[in-house]
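J.: Sharing data-v8.cif, mmCIF, C-alpha atoms:
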data_start
#
loop_
_atom_site.group_PDB
_atom_site.id
_atom_site.type_symbol
_atom_site.label_atom_id
_atom_site.label_comp_id
_atom_site.auth_asym_id
_atom_site.auth_seq_id
_atom_site.Cartn_x
_atom_site.Cartn_y
_atom_site.Cartn_z
ATOM 1 C CA MET A 1297 13.093 17.363 -17.287
ATOM 2 C CA GLU A 1298 11.315 17.722 -13.971
ATOM 3 C CA THR A 1299 9.966 14.300 -13.112
ATOM 4 C CA LEU A 1300 7.278 13.133 -10.737
ATOM 5 C CA VAL A 1301 9.222 9.959 -9.983
ATOM 6 C CA GLU A 1302 10.485 10.083 -6.424
ATOM 7 C CA GLY A 1303 14.194 10.819 -6.151
ATOM 8 C CA ALA A 1304 14.933 7.580 -4.303
ATOM 9 C CA VAL A 1305 13.174 5.558 -7.012
ATOM 10 C CA ALA A 1306 15.060 7.323 -9.808
ATOM 11 C CA GLU A 1307 18.358 6.884 -7.962
ATOM 12 C CA THR A 1308 17.723 3.170 -7.395
ATOM 13 C CA LEU A 1309 16.929 2.736 -11.083
ATOM 14 C CA ARG A 1310 20.116 4.537 -12.096
ATOM 15 C CA ASP A 1311 22.245 2.583 -9.607
ATOM 16 C CA GLY A 1312 20.518 -0.740 -10.194
ATOM 17 C CA ASN A 1313 20.932 -3.447 -12.747
ATOM 18 C CA GLY A 1314 19.019 -4.123 -15.935
ATOM 19 C CA GLU A 1315 16.762 -6.683 -14.319
ATOM 20 C CA ALA A 1316 15.572 -4.139 -11.723
ATOM 21 C CA VAL A 1317 14.822 -1.661 -14.510
ATOM 22 C CA ARG A 1318 12.927 -4.315 -16.478
ATOM 23 C CA LEU A 1319 10.820 -5.362 -13.474
ATOM 24 C CA TYR A 1320 10.009 -1.741 -12.687
ATOM 25 C CA VAL A 1321 8.775 -0.974 -16.224
ATOM 26 C CA ALA A 1322 6.884 -4.269 -16.467
ATOM 27 C CA ALA A 1323 4.923 -3.349 -13.354
ATOM 28 C CA CYS A 1324 4.291 0.228 -14.563
ATOM 29 C CA ALA A 1325 3.077 -1.030 -17.942
ATOM 30 C CA GLU A 1326 0.846 -3.642 -16.285
ATOM 31 C CA ARG A 1327 -0.881 -0.963 -14.228
ATOM 32 C CA MET A 1328 -1.466 1.174 -17.325
ATOM 33 C CA ALA A 1329 -2.528 -1.698 -19.606
ATOM 34 C CA PRO A 1330 -6.274 -1.641 -18.838
ATOM 35 C CA LEU A 1331 -6.356 1.987 -19.918
ATOM 36 C CA PHE A 1332 -5.359 0.949 -23.415
ATOM 37 C CA VAL A 1333 -6.772 -2.554 -23.725
ATOM 38 C CA GLY A 1334 -10.063 -1.750 -22.021
ATOM 39 C CA LEU A 1335 -10.608 1.526 -23.829
ATOM 40 C CA ARG A 1336 -9.651 0.228 -27.286
ATOM 41 C CA THR A 1337 -11.082 -3.310 -27.289
ATOM 42 C CA SER A 1338 -14.362 -2.206 -28.829
ATOM 43 C CA SER A 1339 -12.752 0.194 -31.330
ATOM 44 C CA PRO A 1340 -13.281 -1.089 -34.878
ATOM 45 C CA GLY A 1341 -10.055 -1.999 -36.646
ATOM 46 C CA ARG A 1342 -7.952 -1.927 -33.462
ATOM 47 C CA GLU A 1343 -8.021 -5.633 -32.660
ATOM 48 C CA ALA A 1344 -4.406 -6.203 -33.762
ATOM 49 C CA ASP A 1345 -3.237 -3.157 -31.779
ATOM 50 C CA VAL A 1346 -4.974 -4.396 -28.632
ATOM 51 C CA ASP A 1347 -3.473 -7.873 -29.062
ATOM 52 C CA PHE A 1348 -0.008 -6.418 -29.682
ATOM 53 C CA TYR A 1349 -0.309 -4.188 -26.614
ATOM 54 C CA ALA A 1350 -1.404 -7.065 -24.356
ATOM 55 C CA GLU A 1351 1.316 -9.389 -25.683
ATOM 56 C CA SER A 1352 3.969 -6.725 -25.175
ATOM 57 C CA VAL A 1353 2.939 -6.111 -21.572
ATOM 58 C CA ARG A 1354 2.944 -9.845 -20.917
ATOM 59 C CA ASP A 1355 6.425 -10.202 -22.413
ATOM 60 C CA LEU A 1356 7.792 -7.353 -20.287
ATOM 61 C CA TRP A 1357 7.422 -9.587 -17.237
ATOM 62 C CA TYR A 1358 10.321 -11.730 -18.499
ATOM 63 C CA ALA A 1359 12.601 -9.382 -16.584
ATOM 64 C CA ASP A 1360 15.590 -11.713 -16.463
ATOM 65 C CA ARG A 1361 16.580 -10.778 -20.019
ATOM 66 C CA PRO A 1362 15.960 -7.867 -22.395
ATOM 67 C CA LEU A 1363 13.390 -8.264 -25.139
ATOM 68 C CA ALA A 1364 15.348 -9.015 -28.300
ATOM 69 C CA ASP A 1365 12.751 -7.264 -30.460
ATOM 70 C CA ALA A 1366 12.104 -4.269 -28.197
ATOM 71 C CA ALA A 1367 13.196 -1.702 -30.819
ATOM 72 C CA GLU A 1368 10.931 -3.299 -33.430
ATOM 73 C CA ARG A 1369 8.012 -3.235 -30.979
ATOM 74 C CA VAL A 1370 8.661 0.451 -30.247
ATOM 75 C CA ARG A 1371 8.541 1.245 -33.969
ATOM 76 C CA ARG A 1372 5.228 -0.604 -34.306
ATOM 77 C CA LEU A 1373 3.780 1.108 -31.249
ATOM 78 C CA GLU A 1374 4.835 4.525 -32.536
ATOM 79 C CA ARG A 1375 2.496 3.981 -35.504
ATOM 80 C CA PHE A 1376 -0.512 3.762 -33.171
ATOM 81 C CA PRO A 1377 -2.947 6.674 -33.615
ATOM 82 C CA GLU A 1378 -2.496 7.603 -29.937
ATOM 83 C CA LEU A 1379 1.154 8.501 -30.567
ATOM 84 C CA GLN A 1380 0.620 10.454 -33.789
ATOM 85 C CA PRO A 1381 0.827 14.255 -33.715
ATOM 86 C CA ASN A 1382 -2.557 15.913 -33.504
ATOM 87 C CA GLU A 1383 -2.890 19.665 -34.075
ATOM 88 C CA GLU A 1384 -6.122 19.789 -32.093
ATOM 89 C CA GLY A 1385 -4.690 17.975 -29.092
ATOM 90 C CA ILE A 1386 -6.442 15.306 -27.097
ATOM 91 C CA THR A 1387 -9.622 16.302 -25.317
ATOM 92 C CA ASP A 1388 -11.605 13.047 -25.129
ATOM 93 C CA VAL A 1389 -11.321 11.183 -21.808
ATOM 94 C CA ALA A 1390 -10.775 7.750 -23.391
ATOM 95 C CA ASP A 1391 -8.254 9.127 -25.882
ATOM 96 C CA THR A 1392 -6.329 10.897 -23.108
ATOM 97 C CA TYR A 1393 -5.836 7.791 -20.987
ATOM 98 C CA ALA A 1394 -5.197 5.530 -23.994
ATOM 99 C CA PHE A 1395 -2.460 8.000 -24.987
ATOM 100 C CA PHE A 1396 -0.826 7.793 -21.558
ATOM 101 C CA ALA A 1397 -1.015 4.001 -21.648
ATOM 102 C CA ALA A 1398 0.585 3.850 -25.113
ATOM 103 C CA LEU A 1399 3.303 6.303 -24.086
ATOM 104 C CA SER A 1400 3.998 4.338 -20.929
ATOM 105 C CA LEU A 1401 4.390 1.140 -22.956
ATOM 106 C CA ARG A 1402 6.715 2.925 -25.374
ATOM 107 C CA TYR A 1403 9.070 3.917 -22.557
ATOM 108 C CA ALA A 1404 8.727 0.481 -20.943
ATOM 109 C CA LEU A 1405 9.755 -1.249 -24.161
ATOM 110 C CA LEU A 1406 12.700 1.118 -24.624
ATOM 111 C CA ALA A 1407 13.886 0.560 -21.051
ATOM 112 C CA HIS A 1408 13.331 -3.184 -21.210
ATOM 113 C CA GLY A 1409 15.371 -3.513 -24.373
ATOM 114 C CA THR A 1410 18.309 -1.401 -23.229
ATOM 115 C CA GLY A 1411 18.140 -1.282 -19.429
ATOM 116 C CA ASN A 1412 18.266 2.522 -19.712
ATOM 117 C CA ALA A 1413 17.193 4.025 -16.393
ATOM 118 C CA ASP A 1414 16.168 7.332 -18.000
ATOM 119 C CA ASP A 1415 13.586 5.518 -20.132
ATOM 120 C CA ALA A 1416 12.370 3.706 -17.008
ATOM 121 C CA VAL A 1417 12.015 7.037 -15.173
ATOM 122 C CA ALA A 1418 10.080 8.410 -18.168
ATOM 123 C CA CYS A 1419 7.780 5.373 -18.010
ATOM 124 C CA GLY A 1420 7.127 5.980 -14.317
ATOM 125 C CA HIS A 1421 6.671 9.710 -14.892
ATOM 126 C CA THR A 1422 4.052 9.014 -17.571
ATOM 127 C CA ALA A 1423 2.093 6.765 -15.203
ATOM 128 C CA LEU A 1424 2.311 9.332 -12.410
ATOM 129 C CA THR A 1425 1.174 12.144 -14.704
ATOM 130 C CA ALA A 1426 -1.872 10.130 -15.781
ATOM 131 C CA MET A 1427 -2.715 9.249 -12.178
ATOM 132 C CA GLY A 1428 -2.334 12.868 -11.094
ATOM 133 C CA MET A 1429 -4.831 13.870 -13.775
ATOM 134 C CA LEU A 1430 -7.187 11.127 -12.683
ATOM 135 C CA ASP A 1431 -6.958 12.290 -9.063
ATOM 136 C CA GLN A 1432 -7.895 15.812 -10.183
ATOM 137 C CA ASN A 1433 -10.978 14.490 -11.942
ATOM 138 C CA VAL A 1434 -12.258 11.891 -9.479
ATOM 139 C CA ALA A 1435 -13.303 13.182 -6.069
ATOM 140 C CA GLY A 1436 -11.378 11.599 -3.214
ATOM 141 C CA ALA A 1437 -9.167 9.471 -5.451
ATOM 142 C CA GLY A 1438 -5.665 8.452 -4.401
ATOM 143 C CA PHE A 1439 -4.298 7.034 -7.643
ATOM 144 C CA LEU A 1440 -1.124 9.141 -7.624
ATOM 145 C CA ALA A 1441 -0.139 8.057 -4.113
ATOM 146 C CA GLU A 1442 -0.891 4.421 -4.968
ATOM 147 C CA GLU A 1443 1.253 4.632 -8.108
ATOM 148 C CA GLN A 1444 4.119 6.102 -6.083
ATOM 149 C CA ARG A 1445 3.792 3.302 -3.527
ATOM 150 C CA LEU A 1446 3.768 0.617 -6.205
ATOM 151 C CA GLN A 1447 6.740 2.145 -7.996
ATOM 152 C CA THR A 1448 8.726 1.932 -4.770
ATOM 153 C CA LEU A 1449 7.515 -1.628 -4.163
ATOM 154 C CA SER A 1450 8.604 -2.700 -7.639
ATOM 155 C CA LEU A 1451 12.210 -1.857 -6.759
ATOM 156 C CA SER A 1452 12.335 -3.892 -3.562
ATOM 157 C CA ARG A 1453 14.411 -7.039 -3.854
ATOM 158 C CA ASN A 1454 11.524 -9.070 -2.552
ATOM 159 C CA ALA A 1455 8.331 -7.897 -4.227
ATOM 160 C CA PRO A 1456 5.869 -10.739 -3.749
ATOM 161 C CA GLY A 1457 2.469 -9.859 -5.036
ATOM 162 C CA LEU A 1458 3.740 -7.100 -7.325
ATOM 163 C CA TRP A 1459 2.002 -8.548 -10.370
ATOM 164 C CA ASP A 1460 -1.285 -9.020 -8.473
ATOM 165 C CA ALA A 1461 -1.082 -5.524 -7.013
ATOM 166 C CA SER A 1462 -0.348 -4.067 -10.458
ATOM 167 C CA VAL A 1463 -3.286 -5.901 -12.042
ATOM 168 C CA MET A 1464 -5.642 -4.756 -9.284
ATOM 169 C CA ALA A 1465 -4.420 -1.151 -9.517
ATOM 170 C CA GLY A 1466 -4.899 -1.218 -13.289
ATOM 171 C CA ARG A 1467 -8.466 -2.444 -12.908
ATOM 172 C CA GLU A 1468 -9.266 0.305 -10.413
ATOM 173 C CA ARG A 1469 -7.877 2.926 -12.782
ATOM 174 C CA PHE A 1470 -9.917 1.545 -15.635
ATOM 175 C CA ARG A 1471 -13.118 1.632 -13.565
ATOM 176 C CA ALA A 1472 -12.425 5.239 -12.586
ATOM 177 C CA VAL A 1473 -11.810 6.292 -16.192
ATOM 178 C CA VAL A 1474 -14.913 4.457 -17.430
ATOM 179 C CA GLY A 1475 -16.866 6.319 -14.756
ATOM 180 C CA ARG A 1476 -15.729 9.577 -16.361
ATOM 181 C CA LEU A 1477 -16.822 8.617 -19.877
ATOM 182 C CA PRO A 1478 -19.913 10.355 -21.213
ATOM 183 C CA ARG A 1479 -22.985 8.173 -21.084
ATOM 184 C CA ARG A 1480 -24.207 7.225 -24.526
ATOM 185 C CA ALA A 1481 -27.925 7.435 -25.193
ATOM 186 C CA CYS A 1482 -29.559 4.078 -25.831
ATOM 187 C CA SER A 1483 -31.343 3.681 -29.149
#
Output the file's structure in the form of structure tokens.
T.:
Amino acid sequence: METLVEGAVAETLRDGNGEAVRLYVAACAERMAPLFVGLRTSSPGREADVDFYAESVRDLWYADRPLADAAERVRRLERFPELQPNEEGITDVADTYAFFAALSLRYALLAHGTGNADDAVACGHTALTAMGMLDQNVAGAGFLAEEQRLQTLSLSRNAPGLWDASVMAGRERFRAVVGRLPRRACS
């Protein structure tokens, strides 16, 4: 698979330890979280999914040990509508970015539970793909470059401010996606 993840990042993940992999995917998932939580919060019947998503992202930050229930969480996440096959594909803006966020969390949970660098690379690739699409659809945006920078930062031994930077990046992404949503007519 051709991946968007920079070669040095992928190599560091493959040569690193489980804790480095877990921190990397926690940060990736944090940056993608607003695209699921923010876009699904007002969806009827999705309250439990939103809570589960937010709790899972929070728990990923415990990078010193693998999540004991990671496989169970992956199975639950795979039942989300965003990850179900759809013959028509995804064309709605909100659905597209919620899909990428769910897929990113899936890979993050897999990598966190096993320390598998290939799952971590897939998580990063998913985030980069989504940010590349967003750059193509928002004039003058630099989301892809910012995601690449933050992925590299998340692998540095001393990454102060990584959580704050990931939260801020996630908020910016969410604002950009919301700006692309069709305006609904007021009744």
J.: Which residues, protein or nucleic acid, reach to within 12 Å of (14.2, 10.2, -6.4) in the file's coordinates when using all atoms listed in the file, and can you give that as a JSON list (two decimals) with C-alpha atoms, keeping the file's coordinate frame?
T.:
[["chain", "number", "residue", "atom", "x", "y", "z"],
["A", 1298, "GLU", "CA", 11.32, 17.72, -13.97],
["A", 1299, "THR", "CA", 9.97, 14.30, -13.11],
["A", 1300, "LEU", "CA", 7.28, 13.13, -10.74],
["A", 1301, "VAL", "CA", 9.22, 9.96, -9.98],
["A", 1302, "GLU", "CA", 10.48, 10.08, -6.42],
["A", 1303, "GLY", "CA", 14.19, 10.82, -6.15],
["A", 1304, "ALA", "CA", 14.93, 7.58, -4.30],
["A", 1305, "VAL", "CA", 13.17, 5.56, -7.01],
["A", 1306, "ALA", "CA", 15.06, 7.32, -9.81],
["A", 1307, "GLU", "CA", 18.36, 6.88, -7.96],
["A", 1308, "THR", "CA", 17.72, 3.17, -7.40],
["A", 1309, "LEU", "CA", 16.93, 2.74, -11.08],
["A", 1310, "ARG", "CA", 20.12, 4.54, -12.10],
["A", 1311, "ASP", "CA", 22.24, 2.58, -9.61],
["A", 1417, "VAL", "CA", 12.02, 7.04, -15.17],
["A", 1420, "GLY", "CA", 7.13, 5.98, -14.32],
["A", 1421, "HIS", "CA", 6.67, 9.71, -14.89],
["A", 1444, "GLN", "CA", 4.12, 6.10, -6.08],
["A", 1447, "GLN", "CA", 6.74, 2.14, -8.00],
["A", 1448, "THR", "CA", 8.73, 1.93, -4.77]]
J.: At most 9 Å is the cut-off: for each residue in stretch 1418-1476 of chain A with any atom that close to an atom of stretch 1368-1392 of chain A, write down the nearest atom pair and the distance in Å rounded to one decimal, counting only C-alpha atoms, chain first then increasing number, as JSON lines.
T.:
{"residue": "A:Ala1426", "atom": "CA", "partner": "A:Thr1392", "partner_atom": "CA", "distance": 8.6}
{"residue": "A:Val1473", "atom": "CA", "partner": "A:Ala1390", "partner_atom": "CA", "distance": 7.4}
{"residue": "A:Val1474", "atom": "CA", "partner": "A:Ala1390", "partner_atom": "CA", "distance": 8.0}
{"residue": "A:Arg1476", "atom": "CA", "partner": "A:Val1389", "partner_atom": "CA", "distance": 7.2}
J.: Restricting it to C-alpha atoms, dump the selection as a short mmCIF file (atom, residue, chain, number, x, y, z; two decimals), in the coordinates of the input.
T.:
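Generated file (part.cif):
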data_model
loop_
_atom_site.label_atom_id
_atom_site.label_comp_id
_atom_site.auth_asym_id
_atom_site.auth_seq_id
_atom_site.Cartn_x
_atom_site.Cartn_y
_atom_site.Cartn_z
CA ALA A 1426 -1.87 10.13 -15.78
CA VAL A 1473 -11.81 6.29 -16.19
CA VAL A 1474 -14.91 4.46 -17.43
CA ARG A 1476 -15.73 9.58 -16.36
#
J.: Of the residues A:Cys1419, A:Ala1465, A:Ala1329, A:Leu1356, which is the one nearest to A:Ala1394, using all atoms listed in the file?
T.: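 Once distances to A:Ala1394 are computed over all atoms listed in the file, the minimum belongs to A:Ala1329.
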J.: Between A:Ser1338, A:Ala1344, A:Asn1433, A:Pro1362, which one has atoms that come closest to A:Asn1412, using all atoms listed in the file?
T.: A:Pro1362
J.: Using only C-alpha atoms, pick whichever of A:Leu1477, A:Val1333, A:Met1429, A:Ala1416 has the shortest atom-to-atom distance to A:Leu1451.
T.: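 Smallest distance to A:Leu1451 is found for A:Ala1416.
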J.: Report the residues retrieved by the PyMOL selection byres ((chain A and resi 1324) around 9) from the displayed file, expressed as a list in words.
T.: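 Output of the PyMOL selection byres ((chain A and resi 1324) around 9): Leu1319, Tyr1320, Val1321, Ala1322, Ala1323, Ala1325, Glu1326, Arg1327, Met1328, Ala1329, Ser1400, Leu1401, Ala1404, Cys1419, Gly1420, Ala1423, Glu1443, Leu1446, Gln1447, Ser1450 and Ser1462 of chain A.
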J.: Using all atoms listed in the file, which residue out of A:Glu1315, A:Arg1342, A:Arg1445, A:Leu1430 lies closest to A:Gly1475?
T.: A:Leu1430
J.: Could you tell me how far atom CA of A:Pro1456 lies from atom CA of A:Asp1347, in Å and to one decimal?
T.: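 Here the two named atoms are 27.1 Å from each other.
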J.: Report, in Å to a single decimal, how far apart atom CA of A:Arg1318 and atom CA of A:Ala1359 are.
T.: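 So the answer is 5.1 Å.
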J.: At what distance in Å, to one decimal, does atom CA of A:Phe1395 lie from atom CA of A:Asp1415?
T.: 16.9 Å
J.: Considering all atoms listed in the file, can you say which of A:Ala1435, A:Leu1405, A:Leu1331, A:Ala1461 comes closest to A:Leu1449?
T.: A:Ala1461
J.: What would stretch 1328-1354 of chain A look like with N, CA, C and O atoms in place, written as an mmCIF file, keeping the file's coordinate frame?
T.:
data_model
loop_
_atom_site.group_PDB
_atom_site.id
_atom_site.type_symbol
_atom_site.label_atom_id
_atom_site.label_comp_id
_atom_site.auth_asym_id
_atom_site.auth_seq_id
_atom_site.Cartn_x
_atom_site.Cartn_y
_atom_site.Cartn_z
ATOM 1 N N MET A 1328 -0.888 0.302 -16.302
ATOM 2 C CA MET A 1328 -1.466 1.174 -17.325
ATOM 3 C C MET A 1328 -2.228 0.395 -18.402
ATOM 4 O O MET A 1328 -3.041 0.972 -19.127
ATOM 5 N N ALA A 1329 -1.965 -0.887 -18.517
ATOM 6 C CA ALA A 1329 -2.528 -1.698 -19.606
ATOM 7 C C ALA A 1329 -4.047 -1.626 -19.743
ATOM 8 O O ALA A 1329 -4.556 -1.484 -20.861
ATOM 9 N N PRO A 1330 -4.821 -1.704 -18.661
ATOM 10 C CA PRO A 1330 -6.274 -1.641 -18.838
ATOM 11 C C PRO A 1330 -6.755 -0.343 -19.477
ATOM 12 O O PRO A 1330 -7.815 -0.313 -20.098
ATOM 13 N N LEU A 1331 -5.957 0.712 -19.333
ATOM 14 C CA LEU A 1331 -6.356 1.987 -19.918
ATOM 15 C C LEU A 1331 -6.215 1.973 -21.436
ATOM 16 O O LEU A 1331 -6.849 2.769 -22.114
ATOM 17 N N PHE A 1332 -5.414 1.102 -21.964
ATOM 18 C CA PHE A 1332 -5.359 0.949 -23.415
ATOM 19 C C PHE A 1332 -6.268 -0.191 -23.851
ATOM 20 O O PHE A 1332 -7.174 -0.005 -24.658
ATOM 21 N N VAL A 1333 -6.027 -1.362 -23.298
ATOM 22 C CA VAL A 1333 -6.772 -2.554 -23.725
ATOM 23 C C VAL A 1333 -8.267 -2.363 -23.505
ATOM 24 O O VAL A 1333 -9.072 -2.593 -24.416
ATOM 25 N N GLY A 1334 -8.644 -1.916 -22.326
ATOM 26 C CA GLY A 1334 -10.063 -1.750 -22.021
ATOM 27 C C GLY A 1334 -10.740 -0.662 -22.823
ATOM 28 O O GLY A 1334 -11.907 -0.784 -23.199
ATOM 29 N N LEU A 1335 -10.012 0.408 -23.100
ATOM 30 C CA LEU A 1335 -10.608 1.526 -23.829
ATOM 31 C C LEU A 1335 -10.569 1.341 -25.344
ATOM 32 O O LEU A 1335 -11.279 2.044 -26.058
ATOM 33 N N ARG A 1336 -9.770 0.421 -25.834
ATOM 34 C CA ARG A 1336 -9.651 0.228 -27.286
ATOM 35 C C ARG A 1336 -10.209 -1.104 -27.779
ATOM 36 O O ARG A 1336 -10.335 -1.298 -28.974
ATOM 37 N N THR A 1337 -10.578 -1.992 -26.888
ATOM 38 C CA THR A 1337 -11.082 -3.310 -27.289
ATOM 39 C C THR A 1337 -12.266 -3.216 -28.226
ATOM 40 O O THR A 1337 -12.364 -3.972 -29.185
ATOM 41 N N SER A 1338 -13.157 -2.297 -27.988
ATOM 42 C CA SER A 1338 -14.362 -2.206 -28.829
ATOM 43 C C SER A 1338 -14.193 -1.240 -30.005
ATOM 44 O O SER A 1338 -15.156 -0.983 -30.728
ATOM 45 N N SER A 1339 -12.993 -0.726 -30.213
ATOM 46 C CA SER A 1339 -12.752 0.194 -31.330
ATOM 47 C C SER A 1339 -12.563 -0.605 -32.620
ATOM 48 O O SER A 1339 -11.659 -1.434 -32.697
ATOM 49 N N PRO A 1340 -13.402 -0.347 -33.618
ATOM 50 C CA PRO A 1340 -13.281 -1.089 -34.878
ATOM 51 C C PRO A 1340 -11.898 -0.916 -35.506
ATOM 52 O O PRO A 1340 -11.332 0.180 -35.515
ATOM 53 N N GLY A 1341 -11.342 -2.021 -35.972
ATOM 54 C CA GLY A 1341 -10.055 -1.999 -36.646
ATOM 55 C C GLY A 1341 -8.857 -1.957 -35.719
ATOM 56 O O GLY A 1341 -7.717 -1.894 -36.187
ATOM 57 N N ARG A 1342 -9.066 -2.015 -34.417
ATOM 58 C CA ARG A 1342 -7.952 -1.927 -33.462
ATOM 59 C C ARG A 1342 -7.621 -3.265 -32.803
ATOM 60 O O ARG A 1342 -6.808 -3.312 -31.880
ATOM 61 N N GLU A 1343 -8.226 -4.325 -33.280
ATOM 62 C CA GLU A 1343 -8.021 -5.633 -32.660
ATOM 63 C C GLU A 1343 -6.546 -6.021 -32.609
ATOM 64 O O GLU A 1343 -6.038 -6.479 -31.580
ATOM 65 N N ALA A 1344 -5.830 -5.842 -33.718
ATOM 66 C CA ALA A 1344 -4.406 -6.203 -33.762
ATOM 67 C C ALA A 1344 -3.586 -5.329 -32.819
ATOM 68 O O ALA A 1344 -2.644 -5.817 -32.183
ATOM 69 N N ASP A 1345 -3.943 -4.051 -32.694
ATOM 70 C CA ASP A 1345 -3.237 -3.157 -31.779
ATOM 71 C C ASP A 1345 -3.439 -3.589 -30.328
ATOM 72 O O ASP A 1345 -2.493 -3.604 -29.533
ATOM 73 N N VAL A 1346 -4.671 -3.951 -29.999
ATOM 74 C CA VAL A 1346 -4.974 -4.396 -28.632
ATOM 75 C C VAL A 1346 -4.208 -5.681 -28.326
ATOM 76 O O VAL A 1346 -3.603 -5.816 -27.252
ATOM 77 N N ASP A 1347 -4.217 -6.618 -29.261
ATOM 78 C CA ASP A 1347 -3.473 -7.873 -29.062
ATOM 79 C C ASP A 1347 -1.981 -7.607 -28.901
ATOM 80 O O ASP A 1347 -1.331 -8.168 -28.014
ATOM 81 N N PHE A 1348 -1.426 -6.759 -29.756
ATOM 82 C CA PHE A 1348 -0.008 -6.418 -29.682
ATOM 83 C C PHE A 1348 0.319 -5.784 -28.334
ATOM 84 O O PHE A 1348 1.326 -6.112 -27.702
ATOM 85 N N TYR A 1349 -0.519 -4.860 -27.895
ATOM 86 C CA TYR A 1349 -0.309 -4.188 -26.614
ATOM 87 C C TYR A 1349 -0.289 -5.215 -25.481
ATOM 88 O O TYR A 1349 0.643 -5.237 -24.666
ATOM 89 N N ALA A 1350 -1.307 -6.065 -25.433
ATOM 90 C CA ALA A 1350 -1.404 -7.065 -24.356
ATOM 91 C C ALA A 1350 -0.221 -8.036 -24.387
ATOM 92 O O ALA A 1350 0.341 -8.367 -23.330
ATOM 93 N N GLU A 1351 0.169 -8.479 -25.562
ATOM 94 C CA GLU A 1351 1.316 -9.389 -25.683
ATOM 95 C C GLU A 1351 2.601 -8.707 -25.229
ATOM 96 O O GLU A 1351 3.437 -9.327 -24.564
ATOM 97 N N SER A 1352 2.757 -7.451 -25.575
ATOM 98 C CA SER A 1352 3.969 -6.725 -25.175
ATOM 99 C C SER A 1352 4.045 -6.574 -23.666
ATOM 100 O O SER A 1352 5.113 -6.779 -23.071
ATOM 101 N N VAL A 1353 2.941 -6.233 -23.032
ATOM 102 C CA VAL A 1353 2.939 -6.111 -21.572
ATOM 103 C C VAL A 1353 3.249 -7.463 -20.939
ATOM 104 O O VAL A 1353 4.068 -7.546 -20.015
ATOM 105 N N ARG A 1354 2.649 -8.502 -21.441
ATOM 106 C CA ARG A 1354 2.944 -9.845 -20.917
ATOM 107 C C ARG A 1354 4.432 -10.156 -21.029
ATOM 108 O O ARG A 1354 5.061 -10.617 -20.078
#
